[in-house]
Number of protein chains: 2
Amino acid sequence: MKLTTKGRYAVTAMLDLAIHYGEGPITLADIAQRQGISLSYLEQLFSRLRKQALVSSVRGPGGGYSLGKEAREIFIGEVIAAVDENMDTTKCHGAHNCQNNERCLTHDLWSDLSDQIYTYLNNISLQDLMDRKAVREVAERQEHGEVDASVLDQVSSPAGV
Amino acid sequence: MKLTTKGRYAVTAMLDLAIHYGEGPITLADIAQRQGISLSYLEQLFSRLRKQALVSSVRGPGGGYSLGKEAREIFIGEVIAAVDENMDTTKCHGAHNCQNNERCLTHDLWSDLSDQIYTYLNNISLQDLMDRKAVREVAERQEHGEVDASVLDQVSSPAGV
DNA sequence: GAAATCTTGACTAATTTAGTTGGGAAAGTA
DNA sequence: TACTTTCCCAACTAAATTAGTCAAGATTTC
Ligand code: FES
Ligand code: FES
């Protein structure tokens with residue numbers, strides 16, 4: 001199993017897009033600055049996200065990226081898979097052949113663990129994350145430079161949603 | 001999060017020890033051969049397992065390793081942690097400071113995921129694994145070179161347990 | 001046609017993985 | 001005592017991966 005900054009950045013960037021949905025296309029430069037991610041690295045990640053239709057793009061001035069479908073329909077597992085991190089924890093990648101072409105002693109353990117992780121991540125959508133208070137807090141800080149807790153109690157829908 | 005052959009080998013080797021419990025100390029050479037793991041690599045892993053008292057050792061001819069406590073009391077999570085793979089999936093390792101010394105947008109997501117994995121692995125003991133039919137099948141094959149399915153229905157307790 | 005933005009591919013330093021190599025130290029056995 | 005078996009330990013290494021950078025180009029808007 002791999003879960004590195006690649007996957008974390010992809011989810012973070014997608015969540016940033018979701019939060020700013022309704023403001024028109026969002027540039028990678030904005031995301032890079034808000035989330036503290038290298039712009040060129042983001043470019044690589046969005047290339048993959050676009051191939052999976054998780055985002056759509058518009059070029060030229062005023063352009064940028066938007067979600068490819070509704071935040072409610074994009075699951076964390078998809079995003080991570082799109083940038084190529086696979087959540088499988090078996091050594092054989094499901095083939096039951098990691099020892100001498102036969103099943104090793106612990107295959108089922110890793111297989112079950114993978115199912116757990118897979119199920120967990122595929123049941124959380126970007127919308128679910130946005131609904132969390134802690135996420136709204138951080139988003140607010142990123143917008144204004146500091147946390148304004150009062151805004152958070154209003155369950156303010158971000159402009160246009 | 002890291003889950004690589006290091007952690008897998010450690011669990012596999014510990015399970016091998018559990019299966020052969022009651023046969024006296026088991027040599028690393030035996031484990032290496034049965035499980036297809038490099039002997040010197042096993043030595044490194046067992047050095048760590050011993051420091052955590054998960055195994056105890058006897059030197060000299062007839063020596064080898066045994067479980068440090070009962071199979072029922074050794075949990076997979078402990079074994080993986082002992083060889084230094086940490087199941088934490090947050091970037092900040094729990095410190096809430098991965099972006100500019102403040103919490104990033106997705107901290108809680110990874111934190112919750114880590115809890116899931118942690119809980120899962122810490123509720124499965126070596127004994128639980130041994131009780132699985134698939135594990136007994138593989139162990140049987142490793143012993144005799146091929147699977148003898150008839151043995152598996154007798155829930156045969158391995159010699160001396 | 002200039003500027004903003006996405007798009008692509010090649011390159012790279014640092015780190016990690018999965019080992020190997022080579023030496024010991026302790027214990028049993030003759 | 002000598003010999004062998006086992007554990008113990010530390011240093012080294014090839015290959016892969018990570019987290020990027022760099023440079024060039026394609027589209028679109030103004
Ligand atoms: S992990 Fe699938 S056979 Fe070993
Ligand atoms: S993962 Fe903890 S603050 Fe980002």
# chains A, B, ... in the order shown; residues from 1 in each chain; ligands from 1
$ closest_atom_pairs --of "chain D" --to "chain B" --cutoff "6 Å" --atoms "only C-alpha atoms (C1' of nucleotides)" --output "JSON lines"
{"residue": "D:DT5", "atom": "C1'", "partner": "B:Pro61", "partner_atom": "CA", "distance": 4.4}
{"residue": "D:DT6", "atom": "C1'", "partner": "B:Gly60", "partner_atom": "CA", "distance": 4.3}
{"residue": "D:DC7", "atom": "C1'", "partner": "B:Arg59", "partner_atom": "CA", "distance": 5.2}
$ residues_near_ligand --ligand "ligand 1" --cutoff "10 Å" --atoms "only C-alpha atoms (C1' of nucleotides) and all ligand atoms" --output "list in words"
Asp88, Thr89, Thr90, Lys91, Cys92, His93, Gly94, Ala95, His96, Asn97, Cys98, Gln99, Asn100, Asn101, Glu102, Arg103, Cys104, Leu105, Thr106, His107, Asp108, Leu109, Trp110 and Ser111 of chain A; Thr5, Arg8 and Thr12 of chain B
$ interface_residues --of "chain A" --to "chain B" --cutoff "6 Å" --atoms "only C-alpha atoms" --output "list in words"
Met1, Leu3, Leu105, Val135 and Val138 of chain A
$ write_last_selection --atoms "N, CA, C and O atoms" --output "PDB file, in the first residue's frame"
ATOM      1  N   MET A   1       0.832  -1.209   0.000  1.00  0.00           N
ATOM      2  CA  MET A   1       0.000   0.000   0.000  1.00  0.00           C
ATOM      3  C   MET A   1       0.865   1.257   0.000  1.00  0.00           C
ATOM      4  O   MET A   1       1.912   1.317   0.611  1.00  0.00           O
ATOM      5  N   LEU A   3       0.462   5.398   0.610  1.00  0.00           N
ATOM      6  CA  LEU A   3      -0.300   6.631   0.786  1.00  0.00           C
ATOM      7  C   LEU A   3       0.699   7.711   1.127  1.00  0.00           C
ATOM      8  O   LEU A   3       1.223   7.764   2.225  1.00  0.00           O
ATOM      9  N   LEU A 105       1.264 -17.243   3.372  1.00  0.00           N
ATOM     10  CA  LEU A 105       0.575 -17.504   4.628  1.00  0.00           C
ATOM     11  C   LEU A 105      -0.369 -16.370   5.025  1.00  0.00           C
ATOM     12  O   LEU A 105      -1.375 -16.586   5.690  1.00  0.00           O
ATOM     13  N   VAL A 135     -13.063  21.224   8.659  1.00  0.00           N
ATOM     14  CA  VAL A 135     -12.649  21.563   7.297  1.00  0.00           C
ATOM     15  C   VAL A 135     -13.041  23.004   6.980  1.00  0.00           C
ATOM     16  O   VAL A 135     -12.254  23.769   6.416  1.00  0.00           O
ATOM     17  N   VAL A 138     -10.578  25.405   8.606  1.00  0.00           N
ATOM     18  CA  VAL A 138      -9.299  25.550   7.910  1.00  0.00           C
ATOM     19  C   VAL A 138      -9.479  26.334   6.619  1.00  0.00           C
ATOM     20  O   VAL A 138      -8.660  27.207   6.289  1.00  0.00           O
TER      21      VAL A 138
END
$ interface_residues --of "chain C" --to "chain A" --cutoff "9 Å" --atoms "only C-alpha atoms (C1' of nucleotides)" --output "CSV table (one decimal) with all heavy atoms, in the first residue's frame"
chain,number,residue,atom,x,y,z
C,3,DA,P,3.2,40.8,-22.4
C,3,DA,OP1,3.7,42.0,-21.6
C,3,DA,OP2,4.2,39.7,-22.8
C,3,DA,O5',2.1,40.0,-21.5
C,3,DA,C5',0.9,40.6,-21.3
C,3,DA,C4',-0.1,39.6,-20.8
C,3,DA,O4',-0.6,38.8,-21.9
C,3,DA,C3',0.4,38.7,-19.7
C,3,DA,O3',-0.5,38.7,-18.6
C,3,DA,C2',0.6,37.4,-20.4
C,3,DA,C1',-0.5,37.4,-21.4
C,3,DA,N9,-0.3,36.6,-22.6
C,3,DA,C8,0.8,36.4,-23.3
C,3,DA,N7,0.7,35.6,-24.4
C,3,DA,C5,-0.7,35.2,-24.3
C,3,DA,C6,-1.4,34.4,-25.1
C,3,DA,N6,-1.0,33.7,-26.2
C,3,DA,N1,-2.8,34.2,-24.8
C,3,DA,C2,-3.2,34.9,-23.7
C,3,DA,N3,-2.6,35.7,-22.9
C,3,DA,C4,-1.3,35.8,-23.2
C,4,DA,P,-0.1,38.0,-17.3
C,4,DA,OP1,-0.5,38.9,-16.2
C,4,DA,OP2,1.2,37.4,-17.4
C,4,DA,O5',-1.2,36.8,-17.3
C,4,DA,C5',-2.5,37.1,-17.4
C,4,DA,C4',-3.3,35.8,-17.6
C,4,DA,O4',-2.9,35.3,-18.9
C,4,DA,C3',-3.1,34.7,-16.6
C,4,DA,O3',-4.3,34.2,-16.2
C,4,DA,C2',-2.3,33.6,-17.4
C,4,DA,C1',-2.7,33.9,-18.8
C,4,DA,N9,-1.7,33.5,-19.8
C,4,DA,C8,-0.4,33.9,-19.9
C,4,DA,N7,0.2,33.4,-21.0
C,4,DA,C5,-0.7,32.7,-21.6
C,4,DA,C6,-0.7,32.0,-22.8
C,4,DA,N6,0.4,31.9,-23.6
C,4,DA,N1,-1.9,31.4,-23.2
C,4,DA,C2,-2.9,31.5,-22.5
C,4,DA,N3,-3.1,32.2,-21.3
C,4,DA,C4,-1.9,32.8,-21.0
C,5,DT,P,-4.6,33.5,-14.9
C,5,DT,OP1,-6.1,33.7,-14.6
C,5,DT,OP2,-3.6,33.9,-14.0
C,5,DT,O5',-4.4,32.0,-15.3
C,5,DT,C5',-5.4,31.2,-15.8
C,5,DT,C4',-4.9,30.1,-16.7
C,5,DT,O4',-3.9,30.6,-17.6
C,5,DT,C3',-4.3,28.9,-16.1
C,5,DT,O3',-5.2,28.1,-15.6
C,5,DT,C2',-3.5,28.3,-17.2
C,5,DT,C1',-3.5,29.4,-18.3
C,5,DT,N1,-2.2,29.6,-19.0
C,5,DT,C2,-2.0,29.0,-20.2
C,5,DT,O2,-2.9,28.4,-20.8
C,5,DT,N3,-0.8,29.2,-20.8
C,5,DT,C4,0.3,29.8,-20.2
C,5,DT,O4,1.3,29.9,-20.8
C,5,DT,C5,0.0,30.4,-18.9
C,5,DT,C7,1.1,31.2,-18.2
C,5,DT,C6,-1.2,30.3,-18.4
C,6,DC,P,-4.7,26.7,-14.9
C,6,DC,OP1,-5.8,26.2,-14.0
C,6,DC,OP2,-3.3,26.8,-14.4
C,6,DC,O5',-4.7,25.7,-16.1
C,6,DC,C5',-5.9,25.4,-16.8
C,6,DC,C4',-5.5,24.8,-18.2
C,6,DC,O4',-4.4,25.5,-18.8
C,6,DC,C3',-5.1,23.3,-18.1
C,6,DC,O3',-5.7,22.6,-19.2
C,6,DC,C2',-3.6,23.4,-18.2
C,6,DC,C1',-3.4,24.5,-19.2
C,6,DC,N1,-2.1,25.2,-19.0
C,6,DC,C2,-1.2,25.2,-20.1
C,6,DC,O2,-1.5,24.6,-21.2
C,6,DC,N3,0.0,25.8,-20.0
C,6,DC,C4,0.3,26.4,-18.9
C,6,DC,N4,1.5,27.0,-18.8
C,6,DC,C5,-0.6,26.4,-17.7
C,6,DC,C6,-1.7,25.8,-17.9
C,7,DT,P,-5.6,21.1,-19.4
C,7,DT,OP1,-6.6,20.6,-20.4
C,7,DT,OP2,-5.6,20.5,-18.1
C,7,DT,O5',-4.2,20.8,-20.0
C,7,DT,C5',-4.0,20.9,-21.4
C,7,DT,C4',-2.7,20.3,-21.8
C,7,DT,O4',-1.6,21.1,-21.5
C,7,DT,C3',-2.4,18.9,-21.2
C,7,DT,O3',-2.3,18.0,-22.2
C,7,DT,C2',-1.0,19.2,-20.4
C,7,DT,C1',-0.5,20.4,-21.2
C,7,DT,N1,0.4,21.3,-20.4
C,7,DT,C2,1.6,21.6,-20.9
C,7,DT,O2,2.1,21.2,-21.9
C,7,DT,N3,2.4,22.5,-20.1
C,7,DT,C4,2.0,23.0,-18.9
C,7,DT,O4,2.8,23.8,-18.3
C,7,DT,C5,0.7,22.6,-18.4
C,7,DT,C7,0.2,23.2,-17.1
C,7,DT,C6,0.0,21.8,-19.1
$ select_by_dssp --residues "region 11-101 of chain B" --states "strand (DSSP E)" --output "PyMOL selection string"
chain B and resi 55-58+64-67
$ atom_distance --atom1 "CA of Phe75 (chain A)" --atom2 "CA of Asn122 (chain A)"
5.4 Å
$ atom_distance --atom1 "CA of Gln33 (chain B)" --atom2 "CA of Gly7 (chain B)"
18.1 Å
$ atom_distance --atom1 "CA of Ile74 (chain B)" --atom2 "CA of Leu54 (chain B)"
7.5 Å
$ residues_around --residues "region 8-16 of chain C" --least-positions-apart "6" --cutoff "10 Å" --atoms "only C-alpha atoms (C1' of nucleotides)" --output "compact mmCIF listing (two decimals) with all heavy atoms, in the first residue's frame"
# COMPACT_ATOMS: atom_id res chain seq x y z
N GLU A 43 0.36 20.28 -11.45
CA GLU A 43 0.09 20.07 -12.87
C GLU A 43 0.11 18.59 -13.22
O GLU A 43 -0.76 18.09 -13.94
CB GLU A 43 1.12 20.82 -13.72
CG GLU A 43 0.86 22.32 -13.74
CD GLU A 43 1.96 23.10 -14.43
OE1 GLU A 43 3.06 22.55 -14.64
OE2 GLU A 43 1.73 24.29 -14.74
N GLN A 44 1.12 17.92 -12.69
CA GLN A 44 1.19 16.47 -12.94
C GLN A 44 -0.04 15.75 -12.41
O GLN A 44 -0.60 14.87 -13.06
CB GLN A 44 2.42 15.87 -12.27
CG GLN A 44 3.72 16.21 -12.94
CD GLN A 44 4.89 15.62 -12.19
OE1 GLN A 44 4.91 14.42 -11.90
NE2 GLN A 44 5.85 16.44 -11.84
N SER A 47 -3.20 16.39 -14.42
CA SER A 47 -3.20 15.67 -15.68
C SER A 47 -3.90 14.32 -15.52
O SER A 47 -4.72 13.91 -16.34
CB SER A 47 -1.75 15.48 -16.13
OG SER A 47 -1.67 14.47 -17.09
P DA D 16 14.70 -1.45 -10.65
OP1 DA D 16 13.90 -2.57 -11.17
OP2 DA D 16 15.39 -0.52 -11.57
O5' DA D 16 13.77 -0.60 -9.67
C5' DA D 16 13.23 -1.24 -8.53
C4' DA D 16 12.62 -0.22 -7.62
O4' DA D 16 13.63 0.64 -7.08
C3' DA D 16 11.60 0.69 -8.33
O3' DA D 16 10.39 0.57 -7.60
C2' DA D 16 12.21 2.09 -8.21
C1' DA D 16 13.13 1.96 -7.01
N9 DA D 16 14.30 2.84 -6.98
C8 DA D 16 15.28 2.96 -7.93
N7 DA D 16 16.22 3.82 -7.62
C5 DA D 16 15.84 4.28 -6.38
C6 DA D 16 16.42 5.21 -5.49
N6 DA D 16 17.55 5.86 -5.74
N1 DA D 16 15.78 5.43 -4.33
C2 DA D 16 14.64 4.78 -4.08
N3 DA D 16 14.00 3.89 -4.81
C4 DA D 16 14.66 3.68 -5.97
P DT D 17 9.05 1.28 -8.16
OP1 DT D 17 7.92 0.40 -7.81
OP2 DT D 17 9.28 1.75 -9.55
O5' DT D 17 8.97 2.55 -7.21
C5' DT D 17 9.10 2.36 -5.82
C4' DT D 17 9.19 3.71 -5.17
O4' DT D 17 10.48 4.30 -5.40
C3' DT D 17 8.16 4.71 -5.70
O3' DT D 17 7.36 5.06 -4.59
C2' DT D 17 9.01 5.85 -6.27
C1' DT D 17 10.31 5.69 -5.50
N1 DT D 17 11.55 6.21 -6.13
C2 DT D 17 12.34 7.07 -5.39
O2 DT D 17 12.05 7.45 -4.27
N3 DT D 17 13.49 7.47 -6.03
C4 DT D 17 13.93 7.10 -7.29
O4 DT D 17 14.97 7.53 -7.75
C5 DT D 17 13.05 6.20 -8.01
C7 DT D 17 13.42 5.74 -9.38
C6 DT D 17 11.92 5.81 -7.39
P DT D 18 6.15 6.14 -4.73
OP1 DT D 18 5.14 5.72 -3.76
OP2 DT D 18 5.82 6.34 -6.16
O5' DT D 18 6.81 7.48 -4.18
C5' DT D 18 7.67 7.39 -3.06
C4' DT D 18 8.15 8.78 -2.69
O4' DT D 18 9.32 9.09 -3.47
C3' DT D 18 7.14 9.89 -2.92
O3' DT D 18 7.16 10.70 -1.76
C2' DT D 18 7.68 10.60 -4.18
C1' DT D 18 9.17 10.36 -4.07
N1 DT D 18 9.96 10.26 -5.32
C2 DT D 18 11.21 10.85 -5.34
O2 DT D 18 11.66 11.48 -4.40
N3 DT D 18 11.91 10.68 -6.51
C4 DT D 18 11.50 9.99 -7.64
O4 DT D 18 12.22 9.91 -8.62
C5 DT D 18 10.20 9.39 -7.55
C7 DT D 18 9.68 8.62 -8.72
C6 DT D 18 9.50 9.56 -6.41
P DA D 19 6.03 11.82 -1.60
OP1 DA D 19 5.84 12.00 -0.14
OP2 DA D 19 4.87 11.52 -2.44
O5' DA D 19 6.75 13.10 -2.16
C5' DA D 19 7.86 13.63 -1.43
C4' DA D 19 8.47 14.73 -2.25
O4' DA D 19 9.05 14.16 -3.45
C3' DA D 19 7.46 15.79 -2.74
O3' DA D 19 8.07 17.07 -2.69
C2' DA D 19 7.21 15.37 -4.17
C1' DA D 19 8.60 14.93 -4.56
N9 DA D 19 8.69 14.13 -5.77
C8 DA D 19 7.75 13.32 -6.33
N7 DA D 19 8.13 12.74 -7.45
C5 DA D 19 9.42 13.21 -7.63
C6 DA D 19 10.39 12.98 -8.62
N6 DA D 19 10.18 12.20 -9.68
N1 DA D 19 11.58 13.60 -8.49
C2 DA D 19 11.79 14.40 -7.42
N3 DA D 19 10.95 14.69 -6.42
C4 DA D 19 9.78 14.05 -6.59
P DG D 20 7.12 18.35 -2.68
OP1 DG D 20 8.00 19.47 -2.32
OP2 DG D 20 5.94 18.05 -1.89
O5' DG D 20 6.62 18.50 -4.21
C5' DG D 20 7.18 19.44 -5.09
C4' DG D 20 8.59 19.07 -5.50
O4' DG D 20 8.61 17.75 -6.05
C3' DG D 20 9.12 19.94 -6.63
O3' DG D 20 9.64 21.12 -6.12
C2' DG D 20 10.21 19.06 -7.22
C1' DG D 20 9.70 17.65 -6.93
N9 DG D 20 9.25 16.92 -8.12
C8 DG D 20 8.02 16.34 -8.30
N7 DG D 20 7.91 15.69 -9.44
C5 DG D 20 9.15 15.86 -10.04
C6 DG D 20 9.64 15.38 -11.29
O6 DG D 20 9.05 14.70 -12.14
N1 DG D 20 10.94 15.78 -11.51
C2 DG D 20 11.68 16.55 -10.65
N2 DG D 20 12.92 16.85 -11.05
N3 DG D 20 11.25 16.98 -9.48
C4 DG D 20 9.98 16.60 -9.24
P DT D 21 9.48 22.44 -6.96
OP1 DT D 21 9.86 23.56 -6.07
OP2 DT D 21 8.17 22.44 -7.63
O5' DT D 21 10.59 22.27 -8.08
C5' DT D 21 11.94 22.07 -7.69
C4' DT D 21 12.78 21.91 -8.95
O4' DT D 21 12.31 20.76 -9.70
C3' DT D 21 12.67 23.11 -9.89
O3' DT D 21 14.00 23.45 -10.27
C2' DT D 21 11.83 22.60 -11.06
C1' DT D 21 12.13 21.12 -11.06
N1 DT D 21 11.03 20.26 -11.57
C2 DT D 21 11.21 19.58 -12.74
O2 DT D 21 12.23 19.64 -13.40
N3 DT D 21 10.15 18.79 -13.12
C4 DT D 21 8.96 18.63 -12.46
O4 DT D 21 8.08 17.90 -12.89
C5 DT D 21 8.84 19.39 -11.24
C7 DT D 21 7.59 19.30 -10.43
C6 DT D 21 9.86 20.16 -10.85
P DC D 22 14.25 24.86 -11.04
OP1 DC D 22 15.65 25.20 -10.73
OP2 DC D 22 13.16 25.80 -10.75
O5' DC D 22 14.17 24.45 -12.58
C5' DC D 22 14.81 23.26 -12.99
C4' DC D 22 14.65 23.07 -14.49
O4' DC D 22 13.54 22.18 -14.74
C3' DC D 22 14.36 24.35 -15.27
O3' DC D 22 15.24 24.38 -16.37
C2' DC D 22 12.89 24.21 -15.68
C1' DC D 22 12.72 22.70 -15.76
N1 DC D 22 11.34 22.21 -15.49
C2 DC D 22 10.79 21.21 -16.30
O2 DC D 22 11.47 20.77 -17.24
N3 DC D 22 9.55 20.75 -16.05
C4 DC D 22 8.85 21.25 -15.02
N4 DC D 22 7.64 20.76 -14.81
C5 DC D 22 9.39 22.27 -14.17
C6 DC D 22 10.62 22.72 -14.44
P DA D 23 15.35 25.72 -17.32
OP1 DA D 23 16.79 25.93 -17.62
OP2 DA D 23 14.55 26.81 -16.72
O5' DA D 23 14.62 25.21 -18.63
C5' DA D 23 14.89 23.90 -19.12
C4' DA D 23 13.98 23.60 -20.29
O4' DA D 23 12.73 23.05 -19.81
C3' DA D 23 13.61 24.83 -21.12
O3' DA D 23 13.68 24.46 -22.49
C2' DA D 23 12.19 25.15 -20.68
C1' DA D 23 11.66 23.73 -20.42
N9 DA D 23 10.50 23.68 -19.52
C8 DA D 23 10.25 24.43 -18.41
N7 DA D 23 9.12 24.13 -17.81
C5 DA D 23 8.60 23.12 -18.58
C6 DA D 23 7.42 22.36 -18.48
N6 DA D 23 6.52 22.52 -17.51
N1 DA D 23 7.19 21.42 -19.42
C2 DA D 23 8.09 21.26 -20.40
N3 DA D 23 9.24 21.89 -20.60
C4 DA D 23 9.43 22.82 -19.64
P DA D 24 13.58 25.60 -23.65
OP1 DA D 24 14.75 25.43 -24.53
OP2 DA D 24 13.27 26.92 -23.06
O5' DA D 24 12.30 25.08 -24.43
C5' DA D 24 12.24 23.71 -24.84
C4' DA D 24 10.80 23.38 -25.12
O4' DA D 24 10.06 23.43 -23.89
C3' DA D 24 10.11 24.36 -26.08
O3' DA D 24 9.70 23.66 -27.24
C2' DA D 24 8.93 24.91 -25.27
C1' DA D 24 8.75 23.85 -24.20
N9 DA D 24 8.10 24.35 -22.99
C8 DA D 24 8.52 25.36 -22.17
N7 DA D 24 7.73 25.58 -21.15
C5 DA D 24 6.73 24.64 -21.31
C6 DA D 24 5.57 24.34 -20.55
N6 DA D 24 5.23 25.00 -19.44
N1 DA D 24 4.77 23.34 -20.99
C2 DA D 24 5.12 22.69 -22.11
N3 DA D 24 6.18 22.86 -22.90
C4 DA D 24 6.95 23.87 -22.44
P DG D 25 9.11 24.47 -28.51
OP1 DG D 25 9.54 23.73 -29.71
OP2 DG D 25 9.38 25.92 -28.37
O5' DG D 25 7.55 24.24 -28.31
C5' DG D 25 7.07 22.90 -28.20
C4' DG D 25 5.66 22.93 -27.70
O4' DG D 25 5.62 23.49 -26.37
C3' DG D 25 4.71 23.80 -28.55
O3' DG D 25 3.64 22.96 -28.95
C2' DG D 25 4.25 24.89 -27.61
C1' DG D 25 4.39 24.20 -26.26
N9 DG D 25 4.45 25.09 -25.10
C8 DG D 25 5.40 26.03 -24.79
N7 DG D 25 5.15 26.67 -23.68
C5 DG D 25 3.96 26.12 -23.23
C6 DG D 25 3.19 26.40 -22.07
O6 DG D 25 3.42 27.24 -21.18
N1 DG D 25 2.06 25.61 -21.99
C2 DG D 25 1.71 24.66 -22.92
N2 DG D 25 0.58 23.99 -22.70
N3 DG D 25 2.41 24.37 -23.99
C4 DG D 25 3.52 25.14 -24.09
P DA D 26 2.73 23.43 -30.21
OP1 DA D 26 2.80 22.35 -31.22
OP2 DA D 26 3.01 24.85 -30.57
O5' DA D 26 1.28 23.39 -29.54
C5' DA D 26 0.89 22.25 -28.77
C4' DA D 26 -0.42 22.59 -28.09
O4' DA D 26 -0.15 23.45 -26.95
C3' DA D 26 -1.39 23.35 -28.99
O3' DA D 26 -2.69 22.87 -28.72
C2' DA D 26 -1.22 24.82 -28.57
C1' DA D 26 -0.93 24.65 -27.07
N9 DA D 26 -0.12 25.71 -26.46
C8 DA D 26 1.07 26.23 -26.90
N7 DA D 26 1.57 27.16 -26.12
C5 DA D 26 0.66 27.26 -25.09
C6 DA D 26 0.61 28.07 -23.93
N6 DA D 26 1.54 28.96 -23.61
N1 DA D 26 -0.45 27.92 -23.11
C2 DA D 26 -1.39 27.01 -23.43
N3 DA D 26 -1.45 26.19 -24.48
C4 DA D 26 -0.39 26.37 -25.28
$ closest_residue --among "B:Tyr118, B:Ser56, B:Glu73, B:Gln127" --to "Asn86 (chain B)" --atoms "only C-alpha atoms"
B:Tyr118
$ select_by_dssp --residues "chain A" --states "helix (DSSP H, G or I)" --output "PyMOL selection string"
chain A and resi 5-19+28-35+39-51+71-73+76-82+107-121+126-130+133-144+149-152
